[in-house]
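A.B. asks: This is the content of structure02.tsv (TSV, C-alpha atoms):
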```tsv
chain	number	residue	atom	x	y	z
A	1	ARG	CA	-9.65	-8.01	17.37
A	2	ALA	CA	-13.08	-9.23	16.20
A	3	VAL	CA	-12.88	-7.05	13.08
A	4	PHE	CA	-9.38	-8.33	12.25
A	5	ILE	CA	-10.23	-12.01	12.67
A	6	GLY	CA	-13.61	-11.67	10.98
A	7	SER	CA	-12.08	-10.15	7.86
A	8	PHE	CA	-10.35	-13.41	6.88
A	9	PRO	CA	-13.36	-15.74	6.45
A	10	ALA	CA	-15.10	-12.91	4.55
A	11	ILE	CA	-12.16	-12.70	2.12
A	12	ALA	CA	-11.94	-16.50	1.89
A	13	ALA	CA	-15.60	-16.87	0.96
A	14	ALA	CA	-15.49	-13.99	-1.53
A	15	THR	CA	-12.36	-15.18	-3.35
A	16	ALA	CA	-13.53	-18.80	-3.58
A	17	ALA	CA	-16.93	-17.64	-4.87
A	18	PHE	CA	-15.18	-15.46	-7.45
A	19	GLY	CA	-13.67	-18.58	-8.99
A	20	LEU	CA	-16.97	-20.47	-8.96
A	21	LEU	CA	-19.49	-17.84	-10.07
A	22	ASP	CA	-20.11	-16.37	-13.50
A	23	GLY	CA	-21.33	-12.91	-14.40
A	24	THR	CA	-19.94	-9.43	-13.87
A	25	ALA	CA	-22.41	-8.43	-11.13
A	26	ALA	CA	-21.71	-11.52	-9.00
A	27	ARG	CA	-17.97	-11.17	-9.32
A	28	PHE	CA	-18.20	-7.45	-8.56
A	29	CYS	CA	-19.96	-8.28	-5.27
A	30	CYS	CA	-17.26	-10.85	-4.46
A	31	MET	CA	-14.48	-8.35	-4.99
A	32	LEU	CA	-16.36	-5.68	-3.01
A	33	ILE	CA	-16.49	-8.04	-0.01
A	34	ALA	CA	-12.84	-9.09	-0.46
A	35	GLY	CA	-11.71	-5.47	-0.74
A	36	ALA	CA	-13.64	-4.46	2.38
A	37	GLY	CA	-12.14	-7.37	4.29
A	38	ALA	CA	-8.61	-6.53	3.14
A	39	GLY	CA	-9.03	-2.90	4.15
A	40	ALA	CA	-10.34	-3.88	7.58
A	41	ALA	CA	-7.48	-6.34	8.13
A	42	GLN	CA	-4.74	-3.88	7.12
A	43	THR	CA	-6.16	-1.03	9.21
A	44	THR	CA	-6.68	-3.04	12.38
A	45	ALA	CA	-3.30	-4.77	12.01
A	46	SER	CA	-1.58	-1.38	12.27
A	47	VAL	CA	-3.80	-0.37	15.19
A	48	PHE	CA	-2.54	-3.36	17.20
A	49	ILE	CA	0.91	-1.71	17.05
A	50	VAL	CA	0.26	2.04	17.31
A	51	GLU	CA	-2.38	1.75	20.03
A	52	GLY	CA	-1.16	-1.41	21.72
A	53	ARG	CA	2.60	-0.74	22.02
A	54	PRO	CA	4.79	2.24	23.07
A	55	ARG	CA	6.20	4.56	20.36
A	56	SER	CA	9.72	3.19	20.83
A	57	GLU	CA	8.56	-0.20	19.51
A	58	TRP	CA	6.51	1.00	16.53
A	59	GLY	CA	9.23	0.92	13.90
A	60	GLU	CA	10.54	-2.54	14.72
A	61	ARG	CA	7.11	-4.13	15.07
A	62	MET	CA	5.78	-2.44	11.93
A	63	GLY	CA	8.79	-3.76	10.04
A	64	TRP	CA	8.13	-7.35	11.14
A	65	LEU	CA	4.39	-7.01	10.49
A	66	ARG	CA	5.03	-5.83	6.95
A	67	LEU	CA	7.67	-8.54	6.45
A	68	ALA	CA	4.94	-11.11	7.09
A	69	PHE	CA	2.72	-9.21	4.67
A	70	GLY	CA	5.50	-9.13	2.07
A	71	VAL	CA	6.17	-12.86	2.36
A	72	GLY	CA	2.47	-13.47	1.83
A	73	GLN	CA	2.49	-11.17	-1.18
A	74	VAL	CA	5.41	-13.06	-2.70
A	75	ALA	CA	3.59	-16.36	-2.14
A	76	GLY	CA	0.45	-14.88	-3.68
A	77	LEU	CA	2.35	-13.73	-6.76
A	78	ALA	CA	3.81	-17.22	-7.10
A	79	VAL	CA	0.26	-18.61	-7.03
A	80	ALA	CA	-0.74	-16.00	-9.63
A	81	ALA	CA	2.15	-16.99	-11.91
A	82	TYR	CA	1.34	-20.71	-11.58
A	83	PHE	CA	-2.41	-20.27	-12.17
A	84	ALA	CA	-2.13	-17.52	-14.81
A	85	HIS	CA	-3.85	-19.77	-17.34
A	86	ARG	CA	-6.20	-21.50	-14.84
A	87	LEU	CA	-7.71	-18.51	-13.09
A	88	GLU	CA	-10.76	-20.21	-11.55
A	89	ALA	CA	-8.59	-22.79	-9.78
A	90	GLY	CA	-6.25	-20.03	-8.60
A	91	TRP	CA	-9.07	-18.11	-6.91
A	92	ILE	CA	-10.26	-21.23	-5.10
A	93	VAL	CA	-6.71	-21.88	-3.85
A	94	VAL	CA	-6.58	-18.29	-2.55
A	95	GLY	CA	-9.85	-18.87	-0.68
A	96	VAL	CA	-8.48	-21.99	0.99
A	97	VAL	CA	-5.30	-20.17	2.03
A	98	MET	CA	-7.35	-17.30	3.50
A	99	ALA	CA	-9.47	-19.78	5.46
A	100	PHE	CA	-6.27	-21.16	6.97
A	101	GLY	CA	-5.32	-17.58	7.86
A	102	THR	CA	-8.49	-17.37	9.94
A	103	LEU	CA	-7.17	-20.11	12.22
A	104	LEU	CA	-3.78	-18.43	12.54
A	105	ALA	CA	-5.38	-15.06	13.36
A	106	ALA	CA	-7.25	-16.58	16.31
A	107	LEU	CA	-4.07	-17.86	18.01
A	108	ARG	CA	-2.74	-15.66	20.83
A	109	LEU	CA	-3.82	-12.39	19.21
A	110	PRO	CA	-3.64	-9.67	21.89
A	111	ARG	CA	-6.60	-7.63	23.07
A	112	ILE	CA	-6.51	-3.83	23.20
A	113	ALA	CA	-8.55	-2.00	25.83
A	114	LYS	CA	-11.49	-0.03	24.46
A	115	ALA	CA	-11.26	3.77	24.56
A	116	PRO	CA	-13.58	5.39	27.15
A	117	PRO	CA	-16.76	6.89	25.60
A	118	THR	CA	-16.96	10.67	25.16
A	119	ALA	CA	-19.83	12.85	26.29
A	120	ASP	CA	-20.70	13.83	22.69
A	121	PRO	CA	-19.22	11.19	20.42
A	122	THR	CA	-20.83	12.49	17.21
A	123	GLY	CA	-19.80	16.11	17.72
A	124	SER	CA	-16.36	15.05	18.93
A	125	ALA	CA	-15.86	12.86	15.85
A	126	ARG	CA	-16.85	15.72	13.51
A	127	HIS	CA	-14.51	18.13	15.27
A	128	SER	CA	-11.66	15.62	15.27
A	129	LEU	CA	-12.10	14.90	11.54
A	130	SER	CA	-12.22	18.61	10.67
A	131	GLN	CA	-9.16	19.28	12.83
A	132	ALA	CA	-7.28	16.45	11.14
A	133	LEU	CA	-8.08	17.46	7.56
A	134	PHE	CA	-7.25	21.16	8.01
A	135	SER	CA	-3.80	20.61	9.46
A	136	GLN	CA	-0.40	19.30	8.39
A	137	PHE	CA	-1.98	15.86	8.64
A	138	GLY	CA	-4.35	16.91	5.85
A	139	VAL	CA	-1.36	17.87	3.67
A	140	PHE	CA	0.16	14.49	4.45
A	141	LEU	CA	-3.06	12.75	3.38
A	142	LEU	CA	-2.98	14.59	0.02
A	143	CYS	CA	0.66	13.57	-0.47
A	144	TRP	CA	-0.20	9.96	0.34
A	145	LEU	CA	-3.39	9.99	-1.78
A	146	PHE	CA	-1.58	11.02	-4.97
A	147	ALA	CA	1.22	8.55	-4.28
A	148	MET	CA	-1.40	5.80	-4.00
A	149	ILE	CA	-3.20	6.99	-7.16
A	150	GLY	CA	0.08	6.68	-9.06
A	151	LEU	CA	0.94	3.28	-7.60
A	152	MET	CA	-2.52	1.71	-7.76
A	153	THR	CA	-3.15	2.86	-11.32
A	154	PHE	CA	0.00	0.98	-12.22
A	155	TYR	CA	-0.47	-2.05	-9.95
A	156	ASN	CA	-4.12	-2.63	-10.91
A	157	VAL	CA	-3.28	-3.28	-14.58
A	158	VAL	CA	0.48	-3.87	-14.58
A	159	PRO	CA	0.24	-7.06	-16.71
A	160	LEU	CA	-1.75	-5.16	-19.35
A	161	ILE	CA	0.71	-2.24	-19.31
A	162	LEU	CA	3.77	-4.43	-19.81
A	163	ARG	CA	2.03	-6.49	-22.46
A	164	ALA	CA	0.85	-3.41	-24.40
A	165	ALA	CA	4.13	-1.53	-24.12
A	166	PHE	CA	6.73	-4.32	-24.30
A	167	ASP	CA	4.84	-7.52	-25.26
A	168	VAL	CA	5.67	-9.14	-21.88
A	169	ASP	CA	3.30	-12.01	-21.01
A	170	PRO	CA	1.37	-12.01	-17.66
A	171	SER	CA	3.30	-14.97	-16.20
A	172	THR	CA	6.61	-13.16	-16.72
A	173	THR	CA	5.11	-10.00	-15.19
A	174	SER	CA	4.06	-11.95	-12.08
A	175	LEU	CA	7.55	-13.42	-11.73
A	176	VAL	CA	9.23	-10.00	-12.13
A	177	PHE	CA	6.77	-8.45	-9.66
A	178	MET	CA	7.45	-11.35	-7.28
A	179	ALA	CA	11.20	-10.67	-7.46
A	180	GLY	CA	10.72	-7.02	-6.54
A	181	SER	CA	8.25	-7.89	-3.79
A	182	ALA	CA	10.65	-10.49	-2.36
A	183	ILE	CA	13.40	-7.88	-2.11
A	184	GLY	CA	10.94	-5.41	-0.64
A	185	ALA	CA	9.73	-7.93	1.95
A	186	VAL	CA	13.28	-8.31	3.28
A	187	LEU	CA	13.52	-4.51	3.53
A	188	TYR	CA	10.51	-4.09	5.84
A	189	PRO	CA	12.48	-4.78	9.07
A	190	VAL	CA	15.30	-2.61	7.69
A	191	CYS	CA	12.80	0.23	7.24
A	192	GLY	CA	11.59	-0.28	10.79
A	193	ASP	CA	15.15	0.22	12.03
A	194	LEU	CA	15.71	3.20	9.71
A	195	ASP	CA	12.62	4.86	11.15
A	196	ARG	CA	14.34	4.95	14.52
A	197	ARG	CA	17.52	6.38	12.97
A	198	ILE	CA	16.33	8.96	10.42
A	199	GLY	CA	12.64	9.47	11.23
A	200	SER	CA	9.45	8.45	9.46
A	201	ALA	CA	9.26	11.62	7.32
A	202	ARG	CA	12.64	11.01	5.71
A	203	LEU	CA	11.80	7.34	5.25
A	204	LEU	CA	8.64	8.31	3.37
A	205	ALA	CA	10.56	10.88	1.31
A	206	ILE	CA	13.08	8.23	0.19
A	207	GLY	CA	10.28	5.88	-0.84
A	208	ILE	CA	8.33	8.47	-2.84
A	209	GLY	CA	11.48	9.91	-4.43
A	210	VAL	CA	12.80	6.54	-5.66
A	211	THR	CA	9.31	5.52	-6.83
A	212	LEU	CA	9.18	8.73	-8.87
A	213	ILE	CA	12.49	7.72	-10.49
A	214	GLY	CA	11.06	4.25	-11.21
A	215	PHE	CA	8.04	5.71	-13.01
A	216	LEU	CA	10.30	8.11	-14.90
A	217	ILE	CA	12.33	5.12	-16.18
A	218	LEU	CA	9.15	3.22	-17.04
A	219	ALA	CA	7.54	6.15	-18.86
A	220	SER	CA	10.75	6.87	-20.79
A	221	ALA	CA	11.06	3.21	-21.84
A	222	THR	CA	7.42	3.21	-22.93
A	223	LEU	CA	7.88	6.32	-25.08
A	224	ALA	CA	11.21	5.17	-26.56
A	225	HIS	CA	9.81	1.92	-28.03
A	226	SER	CA	13.36	0.56	-28.16
A	227	THR	CA	14.40	-3.09	-28.26
A	228	THR	CA	15.63	-2.83	-24.67
A	229	GLY	CA	12.35	-1.28	-23.49
A	230	ALA	CA	11.12	-4.56	-21.98
A	231	VAL	CA	14.29	-4.83	-19.89
A	232	PHE	CA	13.97	-1.29	-18.56
A	233	GLY	CA	10.24	-1.78	-18.00
A	234	CYS	CA	10.82	-4.91	-15.92
A	235	LEU	CA	13.67	-3.24	-14.00
A	236	ALA	CA	11.38	-0.28	-13.24
A	237	LEU	CA	8.73	-2.68	-11.91
A	238	VAL	CA	11.32	-4.33	-9.65
A	239	LEU	CA	12.52	-0.91	-8.40
A	240	ILE	CA	8.98	0.34	-7.68
A	241	ALA	CA	8.06	-2.87	-5.82
A	242	THR	CA	11.36	-2.88	-3.91
A	243	VAL	CA	11.04	0.63	-2.42
A	244	TYR	CA	7.36	0.34	-1.47
A	245	PRO	CA	8.33	-0.64	2.13
A	246	PHE	CA	9.97	2.77	2.56
A	247	GLN	CA	6.71	4.44	1.59
A	248	TYR	CA	4.37	2.27	3.61
A	249	VAL	CA	6.35	2.05	6.85
A	250	GLY	CA	7.29	5.75	6.74
A	251	ALA	CA	3.73	6.86	5.94
A	252	THR	CA	2.10	4.59	8.55
A	253	LEU	CA	4.31	5.80	11.38
A	254	LEU	CA	4.22	9.44	10.26
A	255	ALA	CA	0.41	9.31	10.22
A	256	ALA	CA	0.34	8.02	13.80
A	257	GLU	CA	2.86	10.70	14.88
A	258	ILE	CA	1.29	13.86	13.41
A	259	ALA	CA	-2.44	13.07	13.49
A	260	PRO	CA	-4.23	15.47	15.89
A	261	GLY	CA	-6.63	12.69	17.00
A	262	GLY	CA	-5.92	9.19	18.27
A	263	GLU	CA	-3.64	6.74	16.52
A	264	GLY	CA	-6.54	4.45	15.67
A	265	SER	CA	-8.38	7.23	13.83
A	266	ALA	CA	-5.14	8.10	12.05
A	267	MET	CA	-4.86	4.53	10.78
A	268	GLY	CA	-8.40	4.71	9.45
A	269	LEU	CA	-7.78	7.96	7.56
A	270	PHE	CA	-4.37	6.73	6.40
A	271	ASN	CA	-5.78	3.52	4.95
A	272	SER	CA	-8.68	5.43	3.40
A	273	GLY	CA	-5.99	7.09	1.28
A	274	VAL	CA	-4.89	3.65	0.11
A	275	ALA	CA	-8.51	2.71	-0.64
A	276	ALA	CA	-9.25	5.97	-2.48
A	277	GLY	CA	-6.08	5.54	-4.52
A	278	ALA	CA	-7.14	2.00	-5.39
A	279	VAL	CA	-10.61	3.15	-6.50
A	280	ILE	CA	-9.25	6.00	-8.63
A	281	GLY	CA	-6.50	3.72	-9.89
A	282	ALA	CA	-9.16	1.25	-11.03
A	283	ILE	CA	-11.34	3.84	-12.76
A	284	VAL	CA	-8.59	5.74	-14.58
A	285	PRO	CA	-7.35	2.77	-16.67
A	286	MET	CA	-10.86	2.07	-17.99
A	287	PHE	CA	-11.10	5.51	-19.62
A	288	LEU	CA	-7.48	6.39	-20.32
A	289	ALA	CA	-6.73	3.02	-21.94
A	290	LYS	CA	-9.63	3.48	-24.37
A	291	VAL	CA	-8.35	6.89	-25.42
A	292	ALA	CA	-4.57	6.40	-25.47
A	293	GLY	CA	-3.90	2.73	-24.72
A	294	TYR	CA	-2.54	0.96	-21.64
A	295	ASP	CA	0.99	2.07	-22.46
A	296	SER	CA	-0.07	5.65	-21.60
A	297	LEU	CA	-0.74	4.78	-17.95
A	298	PRO	CA	2.92	5.06	-16.78
A	299	LEU	CA	2.80	8.75	-17.77
A	300	PHE	CA	-0.34	9.22	-15.65
A	301	SER	CA	1.31	7.47	-12.69
A	302	LEU	CA	4.40	9.64	-13.12
A	303	GLY	CA	2.23	12.77	-13.03
A	304	ALA	CA	0.48	11.61	-9.86
A	305	MET	CA	3.84	10.97	-8.16
A	306	ILE	CA	5.05	14.46	-9.13
A	307	ILE	CA	1.95	15.96	-7.47
A	308	SER	CA	2.62	13.80	-4.41
A	309	VAL	CA	6.15	15.20	-4.20
A	310	ALA	CA	4.74	18.74	-4.60
A	311	PHE	CA	2.65	18.23	-1.43
A	312	GLY	CA	5.32	16.22	0.37
A	313	LEU	CA	8.31	18.58	0.10
A	314	PRO	CA	6.67	21.54	1.93
A	315	LEU	CA	5.44	19.13	4.61
A	316	LEU	CA	8.93	17.71	5.03
A	317	ARG	CA	10.41	21.21	5.43
A	318	HIS	CA	7.69	22.14	7.93
A	319	LEU	CA	8.29	19.03	10.02
A	320	ARG	CA	12.05	19.65	9.94
A	321	ARG	CA	11.56	23.18	11.29
A	322	SER	CA	8.98	22.22	13.92
A	323	SER	CA	10.77	19.06	15.13
A	324	PRO	CA	14.41	19.08	13.99
A	325	GLN	CA	15.42	16.40	16.48
A	326	SER	CA	13.33	13.81	14.64
A	327	PHE	CA	15.51	14.30	11.56
A	328	ALA	CA	18.84	14.03	13.33
A	329	LEU	CA	20.93	10.87	13.07
A	330	PRO	CA	21.81	9.25	16.43
```
Please express the file's structure as structure tokens.
C.D. replies:
Amino acid sequence: RAVFIGSFPAIAAATAAFGLLDGTAARFCCMLIAGAGAGAAQTTASVFIVEGRPRSEWGERMGWLRLAFGVGQVAGLAVAAYFAHRLEAGWIVVGVVMAFGTLLAALRLPRIAKAPPTADPTGSARHSLSQALFSQFGVFLLCWLFAMIGLMTFYNVVPLILRAAFDVDPSTTSLVFMAGSAIGAVLYPVCGDLDRRIGSARLLAIGIGVTLIGFLILASATLAHSTTGAVFGCLALVLIATVYPFQYVGATLLAAEIAPGGEGSAMGLFNSGVAAGAVIGAIVPMFLAKVAGYDSLPLFSLGAMIISVAFGLPLLRHLRRSSPQSFALP
């Protein structure tokens, strides 16, 4: 609870300072703090559900949690579109909004009992981590890591990709992204209900499969250089943003289900996949764009999604054999 609430003032201070400070080093430190706070908030938010509520409530509560997240994302993209040409003011506005979030986080947030200490916490942690990585959970993490590499490479520089490939301006990109995110936000509770009906593994498979199709459309439009390429590129962005709830809800709940350790540890490892994908997705554009241009990045994202599917399909078959009831419709 303290980590969750404390993450918001850290993000607020970092984002406001980003708009006020000059220099690459100072802004790098601001984003490092904001990224750490965002990772802490997302991880602990999921822990409140998977460790604080029974399994029968996970899907529904995760859906509503992510709906709130999606509504905030839509609002954030609207701020981005409005302040696209006044970036410093936009960052300060974000800081103020995050400060207000600190007050909301402190209201009636539940407390979760601490886990009892183990006799050898260090050795137990090493054993638990090794057991997790060399299991079907480790295969799941590889599937999720490559999915995040594909998505984050695209998301981190999506305005530059659409501008380089189709001459779409950043404000239009924010509005298109906002439309897809708005549709996706509505789908979060739907995904929570689908988890109960078809299982988290199938939910994740639908999300990754449709995202793969979205990147295939985007890469094809980029290579075609046709007059309708901008339309297909924007439609692909909407499709990718729309189906992200299937990926996130399915992957979050599947991680909590199949992890050999506790659900809290599973959330940490699961969100480390998101963070690692974001880091790699930030580094790749710097080098690949210099060599082949920003319009080459959709091909890289498509390749990463294909590798994700290569890890995910055997895992899906294994889970179906080991627990067929979780794949059966009611």
A.B. asks: Could you check the closest approach to Cys234 of chain A for each of A:Met148, A:Cys29, A:Ala105, A:Ala221 and tell me which residue wins, using all atoms listed in the file?
C.D. replies: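 Looking only at the distances to Cys234 of chain A, the closest residue turns out to be A:Ala221.
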A.B. asks: What is the distance between atom CA of Leu218 of chain A and atom CA of Ala230 of chain A, in Å to one decimal?
C.D. replies: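 Interatomic distance, atom CA of Leu218 of chain A to atom CA of Ala230 of chain A: 9.4 Å.
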A.B. asks: So that I can check the surroundings of Gly303 of chain A, please list as an MDAnalysis selection string every protein, DNA and RNA residue that reaches within 10 Å of it, counting all atoms listed in the file and ignoring chain neighbours fewer than 4 positions away.
C.D. replies: chainID A and resid 146:147 149:150 212 215:216 297:299 307:309
A.B. asks: Have a look at A:Tyr82, A:Phe48, A:Phe137, A:Phe246 and name the one nearest to Tyr188 of chain A; count all atoms listed in the file.
C.D. replies: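 Smallest separation from Tyr188 of chain A among the options: A:Phe246.
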A.B. asks: Just the number, please: distance in Å from atom CA of Ala38 of chain A to atom CA of Ala12 of chain A, one decimal.
C.D. replies: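 Between these atoms lies a distance of 10.6 Å.
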A.B. asks: To one decimal place, how far is atom CA of Gly76 of chain A from atom CA of Ser171 of chain A in Å?
C.D. replies: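 Going from atom CA of Gly76 of chain A over to atom CA of Ser171 of chain A, I get 12.8 Å.
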A.B. asks: Which of these residues is nearest to Val71 of chain A, using all atoms listed in the file: A:Val190, A:Leu20, A:Tyr244, A:Ile183?
C.D. replies: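 Under the stated criterion, the closest residue is A:Ile183.
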A.B. asks: Please provide as a PyMOL selection string all residues within 8 Å of Leu141 of chain A, with the sequence filter that same-chain residues fewer than 3 positions apart are discarded (counting all atoms listed in the file).
C.D. replies: chain A and resi 137-138+144-145+269-270+273
A.B. asks: Write out as a PyMOL selection string the residues lying within 10 Å of Ile11 of chain A, counting only C-alpha atoms and excluding same-chain residues fewer than 5 positions away.
C.D. replies: chain A and resi 6+16-17+30-38+41+94-95+98-99+102
A.B. asks: Of the residues A:Val3, A:Leu239, A:Leu254, A:Met152, which is the one nearest to Val284 of chain A, using only C-alpha atoms?
C.D. replies: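 Under the stated criterion, the closest residue is A:Met152.
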A.B. asks: Show me the residues around (3.6, -3.6, 2.0) - criterion: an atom at most 9 Å away, only C-alpha atoms counted - as a list in words.
C.D. replies: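 Residues satisfying the cut-off, written out: Arg66, Leu67, Phe69, Gly70, Gln73, Ser181, Gly184, Ala185, Tyr188, Tyr244, Pro245, Gln247, Tyr248 and Val249 of chain A.
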A.B. asks: Which of these, A:Gly52, A:Gly293, A:Gly39, A:Gly199, has the shortest distance to Arg111 of chain A once you count all atoms listed in the file?
C.D. replies: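 Result for the nearest residue to Arg111 of chain A: A:Gly52.
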A.B. asks: Counting only C-alpha atoms, which residue out of A:Ser174, A:Ser220, A:Ser200, A:Thr153 sits closest to Gly233 of chain A?
C.D. replies: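 Result for the nearest residue to Gly233 of chain A: A:Ser220.
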A.B. asks: Please output segment 31-49 of chain A, rebuilt to include N, CA and C atoms, as a JSON list (two decimals), keeping the file's coordinate frame.
C.D. replies:
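Result written to out_16.json:
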```json
[["chain", "number", "residue", "atom", "x", "y", "z"],
["A", 31, "MET", "N", -15.66, -9.20, -5.17],
["A", 31, "MET", "CA", -14.48, -8.35, -4.99],
["A", 31, "MET", "C", -14.75, -7.20, -4.02],
["A", 32, "LEU", "N", -16.00, -6.73, -3.98],
["A", 32, "LEU", "CA", -16.36, -5.68, -3.01],
["A", 32, "LEU", "C", -16.18, -6.20, -1.59],
["A", 33, "ILE", "N", -16.64, -7.43, -1.34],
["A", 33, "ILE", "CA", -16.49, -8.04, -0.01],
["A", 33, "ILE", "C", -15.01, -8.28, 0.30],
["A", 34, "ALA", "N", -14.26, -8.81, -0.68],
["A", 34, "ALA", "CA", -12.84, -9.09, -0.46],
["A", 34, "ALA", "C", -12.07, -7.80, -0.20],
["A", 35, "GLY", "N", -12.39, -6.75, -0.95],
["A", 35, "GLY", "CA", -11.71, -5.47, -0.74],
["A", 35, "GLY", "C", -12.01, -4.87, 0.62],
["A", 36, "ALA", "N", -13.27, -4.97, 1.06],
["A", 36, "ALA", "CA", -13.64, -4.46, 2.38],
["A", 36, "ALA", "C", -12.92, -5.24, 3.48],
["A", 37, "GLY", "N", -12.84, -6.55, 3.30],
["A", 37, "GLY", "CA", -12.14, -7.37, 4.29],
["A", 37, "GLY", "C", -10.66, -7.05, 4.35],
["A", 38, "ALA", "N", -10.04, -6.86, 3.17],
["A", 38, "ALA", "CA", -8.61, -6.53, 3.14],
["A", 38, "ALA", "C", -8.34, -5.19, 3.79],
["A", 39, "GLY", "N", -9.20, -4.21, 3.52],
["A", 39, "GLY", "CA", -9.03, -2.90, 4.15],
["A", 39, "GLY", "C", -9.17, -2.95, 5.66],
["A", 40, "ALA", "N", -10.15, -3.74, 6.13],
["A", 40, "ALA", "CA", -10.34, -3.88, 7.58],
["A", 40, "ALA", "C", -9.15, -4.57, 8.22],
["A", 41, "ALA", "N", -8.62, -5.60, 7.57],
["A", 41, "ALA", "CA", -7.48, -6.34, 8.13],
["A", 41, "ALA", "C", -6.24, -5.46, 8.20],
["A", 42, "GLN", "N", -5.95, -4.71, 7.13],
["A", 42, "GLN", "CA", -4.74, -3.88, 7.12],
["A", 42, "GLN", "C", -4.83, -2.76, 8.14],
["A", 43, "THR", "N", -6.01, -2.14, 8.26],
["A", 43, "THR", "CA", -6.16, -1.03, 9.21],
["A", 43, "THR", "C", -6.01, -1.51, 10.65],
["A", 44, "THR", "N", -6.73, -2.57, 11.00],
["A", 44, "THR", "CA", -6.68, -3.04, 12.38],
["A", 44, "THR", "C", -5.34, -3.66, 12.73],
["A", 45, "ALA", "N", -4.63, -4.23, 11.74],
["A", 45, "ALA", "CA", -3.30, -4.77, 12.01],
["A", 45, "ALA", "C", -2.36, -3.67, 12.49],
["A", 46, "SER", "N", -2.42, -2.50, 11.84],
["A", 46, "SER", "CA", -1.58, -1.38, 12.27],
["A", 46, "SER", "C", -2.00, -0.85, 13.63],
["A", 47, "VAL", "N", -3.31, -0.87, 13.91],
["A", 47, "VAL", "CA", -3.80, -0.37, 15.19],
["A", 47, "VAL", "C", -3.26, -1.21, 16.34],
["A", 48, "PHE", "N", -3.10, -2.50, 16.15],
["A", 48, "PHE", "CA", -2.54, -3.36, 17.20],
["A", 48, "PHE", "C", -1.16, -2.86, 17.64],
["A", 49, "ILE", "N", -0.44, -2.21, 16.73],
["A", 49, "ILE", "CA", 0.91, -1.71, 17.05],
["A", 49, "ILE", "C", 0.84, -0.31, 17.63]]
```
